[in-house]
file coords-v9.pdb (PDB, C-alpha atoms and all ligand atoms)
MODEL        1
ATOM      1  CA  MET O 258      65.435  89.807 120.433
ATOM      2  CA  VAL O 259      64.036  86.959 118.345
ATOM      3  CA  GLU O 260      66.458  84.093 117.845
ATOM      4  CA  TYR O 261      66.193  82.140 114.614
ATOM      5  CA  THR O 262      67.268  78.544 114.957
ATOM      6  CA  GLY O 263      66.509  75.342 113.119
ATOM      7  CA  LYS O 264      66.978  74.480 109.493
ATOM      8  CA  ARG O 265      64.921  75.971 106.675
ATOM      9  CA  LEU O 266      64.227  74.298 103.342
ATOM     10  CA  ILE O 267      65.353  76.549 100.524
ATOM     11  CA  GLN O 268      65.600  76.367  96.727
ATOM     12  CA  LEU O 269      68.777  77.435  94.974
ATOM     13  CA  ASN O 270      69.434  77.645  91.247
ATOM     14  CA  ILE O 271      73.092  76.771  90.782
ATOM     15  CA  ASN O 272      74.830  76.239  87.447
ATOM     16  CA  GLY O 273      71.456  75.737  85.788
ATOM     17  CA  GLU O 274      70.236  73.110  88.262
ATOM     18  CA  GLN O 275      67.578  73.549  90.931
ATOM     19  CA  PHE O 276      68.512  72.298  94.436
ATOM     20  CA  SER O 277      66.317  71.858  97.544
ATOM     21  CA  LEU O 278      68.496  72.236 100.603
ATOM     22  CA  ALA O 279      68.018  72.362 104.361
ATOM     23  CA  VAL O 280      70.150  75.185 105.748
ATOM     24  CA  GLU O 281      70.632  77.006 109.024
ATOM     25  CA  PRO O 282      69.440  80.633 108.788
ATOM     26  CA  GLN O 283      72.974  81.880 109.450
ATOM     27  CA  GLU O 284      74.688  79.640 106.873
ATOM     28  CA  THR O 285      76.459  81.525 104.116
ATOM     29  CA  LEU O 286      76.167  80.721 100.459
ATOM     30  CA  LEU O 287      79.873  79.868 100.547
ATOM     31  CA  GLU O 288      79.335  77.246 103.268
ATOM     32  CA  VAL O 289      76.394  75.693 101.453
ATOM     33  CA  LEU O 290      78.231  75.537  98.123
ATOM     34  CA  ARG O 291      81.315  73.921  99.602
ATOM     35  CA  ASN O 292      79.922  71.787 102.430
ATOM     36  CA  GLN O 293      76.581  70.619 101.093
ATOM     37  CA  LEU O 294      77.088  70.615  97.340
ATOM     38  CA  GLY O 295      80.804  69.827  97.156
ATOM     39  CA  LEU O 296      81.406  72.805  94.852
ATOM     40  CA  THR O 297      84.844  73.487  96.282
ATOM     41  CA  GLY O 298      85.974  75.580  93.320
ATOM     42  CA  THR O 299      84.506  78.521  95.239
ATOM     43  CA  LYS O 300      87.362  79.189  97.640
ATOM     44  CA  ASP O 301      87.143  80.070 101.316
ATOM     45  CA  GLY O 302      89.867  82.670 101.739
ATOM     46  CA  CYS O 303      89.223  85.288 104.407
ATOM     47  CA  GLY O 304      85.522  84.731 105.070
ATOM     48  CA  THR O 305      85.144  88.466 105.645
ATOM     49  CA  GLY O 306      84.779  90.016 102.202
ATOM     50  CA  GLU O 307      88.437  91.008 101.803
ATOM     51  CA  CYS O 308      90.006  88.640  99.276
ATOM     52  CA  GLY O 309      87.547  87.842  96.453
ATOM     53  CA  ALA O 310      88.344  84.101  96.513
ATOM     54  CA  CYS O 311      84.687  83.189  97.142
ATOM     55  CA  THR O 312      83.329  85.130  94.145
ATOM     56  CA  VAL O 313      80.359  83.639  92.304
ATOM     57  CA  LEU O 314      78.111  85.171  89.660
ATOM     58  CA  MET O 315      74.539  86.073  90.533
ATOM     59  CA  ASP O 316      72.480  86.784  87.456
ATOM     60  CA  GLY O 317      75.841  87.371  85.792
ATOM     61  CA  LYS O 318      77.232  89.841  88.357
ATOM     62  CA  PRO O 319      80.151  89.035  90.680
ATOM     63  CA  GLN O 320      79.185  88.663  94.357
ATOM     64  CA  LEU O 321      81.069  87.506  97.443
ATOM     65  CA  ALA O 322      79.560  84.220  98.640
ATOM     66  CA  CYS O 323      81.068  84.586 102.127
ATOM     67  CA  LEU O 324      78.963  87.690 102.764
ATOM     68  CA  LEU O 325      75.637  86.263 101.586
ATOM     69  CA  LEU O 326      73.198  84.163 103.549
ATOM     70  CA  ALA O 327      72.101  81.161 101.532
ATOM     71  CA  ILE O 328      68.448  81.832 102.406
ATOM     72  CA  ASP O 329      68.709  85.215 100.656
ATOM     73  CA  CYS O 330      69.885  83.680  97.367
ATOM     74  CA  GLN O 331      66.700  81.937  96.275
ATOM     75  CA  GLN O 332      65.530  84.311  93.561
ATOM     76  CA  VAL O 333      68.728  84.459  91.504
ATOM     77  CA  LYS O 334      70.755  82.294  89.139
ATOM     78  CA  ILE O 335      74.088  81.419  90.686
ATOM     79  CA  THR O 336      77.098  80.413  88.607
ATOM     80  CA  THR O 337      80.188  78.933  90.223
ATOM     81  CA  ILE O 338      83.464  78.131  88.497
ATOM     82  CA  GLU O 339      82.211  74.559  87.988
ATOM     83  CA  GLY O 340      79.347  75.877  85.857
ATOM     84  CA  LEU O 341      81.286  78.273  83.678
ATOM     85  CA  SER O 342      82.330  75.935  80.870
ATOM     86  CA  THR O 343      80.373  73.199  79.185
ATOM     87  CA  GLY O 344      81.790  69.681  79.389
ATOM     88  CA  ARG O 345      85.586  69.650  79.154
ATOM     89  CA  GLN O 346      85.804  72.673  76.846
ATOM     90  CA  LEU O 347      87.437  75.602  78.640
ATOM     91  CA  THR O 348      86.173  79.121  78.064
ATOM     92  CA  SER O 349      88.392  81.706  76.375
ATOM     93  CA  VAL O 350      89.004  83.280  79.776
ATOM     94  CA  GLN O 351      90.129  79.989  81.323
ATOM     95  CA  GLU O 352      92.398  79.247  78.339
ATOM     96  CA  ALA O 353      93.949  82.714  78.520
ATOM     97  CA  PHE O 354      94.698  82.364  82.251
ATOM     98  CA  LEU O 355      96.506  79.091  81.564
ATOM     99  CA  GLU O 356      98.360  80.341  78.504
ATOM    100  CA  GLU O 357      99.547  83.558  80.180
ATOM    101  CA  GLY O 358     100.759  81.798  83.347
ATOM    102  CA  ALA O 359      98.221  83.708  85.425
ATOM    103  CA  VAL O 360      97.593  80.628  87.594
ATOM    104  CA  GLN O 361     100.067  79.570  90.229
ATOM    105  CA  CYS O 362      98.602  78.163  93.451
ATOM    106  CA  GLY O 363      95.184  78.771  91.884
ATOM    107  CA  PHE O 364      93.491  79.930  95.059
ATOM    108  CA  CYS O 365      92.424  83.269  93.639
ATOM    109  CA  THR O 366      91.813  81.894  90.147
ATOM    110  CA  PRO O 367      88.124  80.910  90.278
ATOM    111  CA  GLY O 368      87.169  84.360  91.557
ATOM    112  CA  MET O 369      89.441  86.091  89.049
ATOM    113  CA  VAL O 370      88.068  84.024  86.161
ATOM    114  CA  LEU O 371      84.440  84.666  87.126
ATOM    115  CA  ALA O 372      85.026  88.401  87.605
ATOM    116  CA  THR O 373      86.820  88.524  84.239
ATOM    117  CA  SER O 374      84.003  86.635  82.529
ATOM    118  CA  ALA O 375      81.463  89.109  83.910
ATOM    119  CA  LEU O 376      83.618  92.047  82.821
ATOM    120  CA  LEU O 377      84.066  90.763  79.261
ATOM    121  CA  THR O 378      80.377  89.991  78.917
ATOM    122  CA  GLU O 379      79.629  93.644  79.639
ATOM    123  CA  ASN O 380      82.665  95.166  77.981
ATOM    124  CA  SER O 381      84.501  92.981  75.475
ATOM    125  CA  ARG O 382      87.367  95.483  75.041
ATOM    126  CA  PRO O 383      88.208  96.825  78.487
ATOM    127  CA  SER O 384      91.109  99.205  79.018
ATOM    128  CA  GLU O 385      93.842  98.281  81.505
ATOM    129  CA  LYS O 386      92.250 100.705  83.956
ATOM    130  CA  GLU O 387      88.867  99.011  83.552
ATOM    131  CA  ILE O 388      90.458  95.591  84.051
ATOM    132  CA  LYS O 389      92.149  96.753  87.255
ATOM    133  CA  LYS O 390      88.883  98.235  88.472
ATOM    134  CA  ALA O 391      86.978  94.986  87.768
ATOM    135  CA  LEU O 392      89.580  92.929  89.627
ATOM    136  CA  GLU O 393      90.119  95.205  92.590
ATOM    137  CA  GLY O 394      89.194  93.306  95.725
ATOM    138  CA  HIS O 395      90.672  90.087  94.298
ATOM    139  CA  LEU O 396      93.892  89.296  96.104
ATOM    140  CA  CYS O 397      96.560  87.132  94.503
ATOM    141  CA  ARG O 398      99.602  86.279  96.561
ATOM    142  CA  CYS O 399     101.443  84.541  93.703
ATOM    143  CA  THR O 400     101.348  86.125  90.282
ATOM    144  CA  GLY O 401     102.038  89.789  90.902
ATOM    145  CA  TYR O 402      98.926  90.681  88.839
ATOM    146  CA  ASN O 403     100.714  91.524  85.572
ATOM    147  CA  LYS O 404     100.093  88.053  84.193
ATOM    148  CA  ILE O 405      96.467  88.230  85.255
ATOM    149  CA  ILE O 406      95.991  91.534  83.437
ATOM    150  CA  SER O 407      97.699  90.039  80.350
ATOM    151  CA  ALA O 408      95.347  87.052  80.578
ATOM    152  CA  VAL O 409      92.301  89.311  80.613
ATOM    153  CA  GLN O 410      93.670  91.203  77.594
ATOM    154  CA  GLN O 411      94.356  87.929  75.772
ATOM    155  CA  ALA O 412      90.844  86.641  76.572
ATOM    156  CA  SER O 413      89.384  89.897  75.309
ATOM    157  CA  ALA O 414      91.343  89.539  72.053
ATOM    158  CA  LYS O 415      90.288  85.886  71.641
ATOM    159  CA  MET O 416      86.630  86.637  72.293
ATOM    160  CA  THR O 417      86.604  89.613  69.968
ATOM    161  CA  ARG O 418      88.258  87.484  67.240
ATOM    162  CA  ASN O 419      85.702  84.724  67.771
ATOM    163  CA  VAL O 420      82.721  86.974  67.133
ATOM    164  CA  THR O 421      84.101  88.832  64.106
TER     165      THR O 421
HETATM  166  S1  LIG V 501      86.389  84.416 101.296
HETATM  167 FE1  LIG V 501      84.915  85.865 100.645
HETATM  168  S2  LIG V 501      86.054  87.651 100.212
HETATM  169 FE2  LIG V 501      87.524  86.280 101.073
HETATM  170  S1  LIG V 502      97.606  82.182  91.947
HETATM  171 FE1  LIG V 502      97.966  81.903  94.081
HETATM  172  S2  LIG V 502      96.734  83.396  95.024
HETATM  173 FE2  LIG V 502      96.605  83.847  92.935
ENDMDL
END
call {"tool": "encode", "arguments": {"input": "coords-v9.pdb", "output": "structure tokens"}}
result
Amino acid sequence: MVEYTGKRLIQLNINGEQFSLAVEPQETLLEVLRNQLGLTGTKDGCGTGECGACTVLMDGKPQLACLLLAIDCQQVKITTIEGLSTGRQLTSVQEAFLEEGAVQCGFCTPGMVLATSALLTENSRPSEKEIKKALEGHLCRCTGYNKIISAVQQASAKMTRNVT
């Protein structure tokens, strides 16, 4: 068996910026985001694809950063929670999570917010069933989920109002 050791230089497009980074072949995207780039909004929950806390967007689609090797992420645009809003202006989804009390410890929140943003980009008026489907795989130990679902519905209403 061939063993791959030693760092590789890779290019990652993160939140609209291009980064050149030296990474071990086995390093995950989650590790690189948190440990090399200081983007700690992407949470390290289970590390095994079970909790959704490490969710980022890749070309607009939610992906689990703990299951991806950083070297395999060179051809896509990655968005983390730090890149979602511009400046200090929160997005409608972020505002709705705050207003509905859908944030308690906040550990699940970045993943929930990114998954919600992706959902509402594709489907601005999701049904409750569609919201639950989009957020399945995101574990929250604090809010009991009802407030999160209300937040998604409120964000949907805000966004729909804003474009009409
Ligand atoms: S840390 Fe990736 S799914 Fe839990
Ligand atoms: S707010 Fe604490 S895990 Fe969801």
call {"tool": "resolve_selection", "arguments": {"input": "coords-v9.pdb", "expression": "the PyMOL selection byres (((chain O and resi 317) around 8) and not hetatm)", "output": "number ranges by chain"}}
result
O: 314-316, 318-319, 334-336, 375
call {"tool": "residues_around", "arguments": {"input": "coords-v9.pdb", "residues": "O:Leu296", "least_positions_apart": "3", "cutoff": "8 Å", "atoms": "only C-alpha atoms", "output": "number ranges by chain"}}
result
O: 290-292, 299, 337, 339
call {"tool": "axis_aligned_box", "arguments": {"input": "coords-v9.pdb", "around": "ligand LIG 502 (chain V)", "padding_each_side": "8 Å", "output": "AutoDock Vina command-line options"}}
result
--center_x 97.3 --center_y 82.9 --center_z 93.5 --size_x 17.4 --size_y 17.9 --size_z 19.1
call {"tool": "residues_near_ligand", "arguments": {"input": "coords-v9.pdb", "ligand": "ligand LIG 502 (chain V)", "cutoff": "10 Å", "atoms": "only C-alpha atoms and all ligand atoms", "output": "list in words"}}
result
Gly302, Cys308, Ala310, Gly358, Ala359, Val360, Gln361, Cys362, Gly363, Phe364, Cys365, Thr366, Pro367, Gly368, Met369, His395, Leu396, Cys397, Arg398, Cys399, Thr400, Gly401, Tyr402 and Ile405 of chain O
call {"tool": "resolve_selection", "arguments": {"input": "coords-v9.pdb", "expression": "the PyMOL selection byres (((not hetatm)) within 8 of (chain V and resi 501))", "output": "list in words"}}
result
Leu287, Lys300, Asp301, Gly302, Cys303, Gly304, Thr305, Gly306, Glu307, Cys308, Gly309, Ala310, Cys311, Thr312, Leu321, Ala322, Cys323, Leu324, Gly394 and His395 of chain O
call {"tool": "resolve_selection", "arguments": {"input": "coords-v9.pdb", "expression": "the PyMOL selection byres (((chain O and resi 413-419) around 7) and not hetatm)", "output": "list in words"}}
result
Ser349, Leu377, Ser381, Arg382, Val409, Gln410, Gln411, Ala412, Val420 and Thr421 of chain O
call {"tool": "write_last_selection", "arguments": {"input": "coords-v9.pdb", "atoms": "C-alpha atoms", "output": "PDB file, in the coordinates of the input"}}
result
ATOM      1  CA  SER O 349      88.392  81.706  76.375  1.00  0.00           C
ATOM      2  CA  LEU O 377      84.066  90.763  79.261  1.00  0.00           C
ATOM      3  CA  SER O 381      84.501  92.981  75.475  1.00  0.00           C
ATOM      4  CA  ARG O 382      87.367  95.483  75.041  1.00  0.00           C
ATOM      5  CA  VAL O 409      92.301  89.311  80.613  1.00  0.00           C
ATOM      6  CA  GLN O 410      93.670  91.203  77.594  1.00  0.00           C
ATOM      7  CA  GLN O 411      94.356  87.929  75.772  1.00  0.00           C
ATOM      8  CA  ALA O 412      90.844  86.641  76.572  1.00  0.00           C
ATOM      9  CA  VAL O 420      82.721  86.974  67.133  1.00  0.00           C
ATOM     10  CA  THR O 421      84.101  88.832  64.106  1.00  0.00           C
TER      11      THR O 421
END
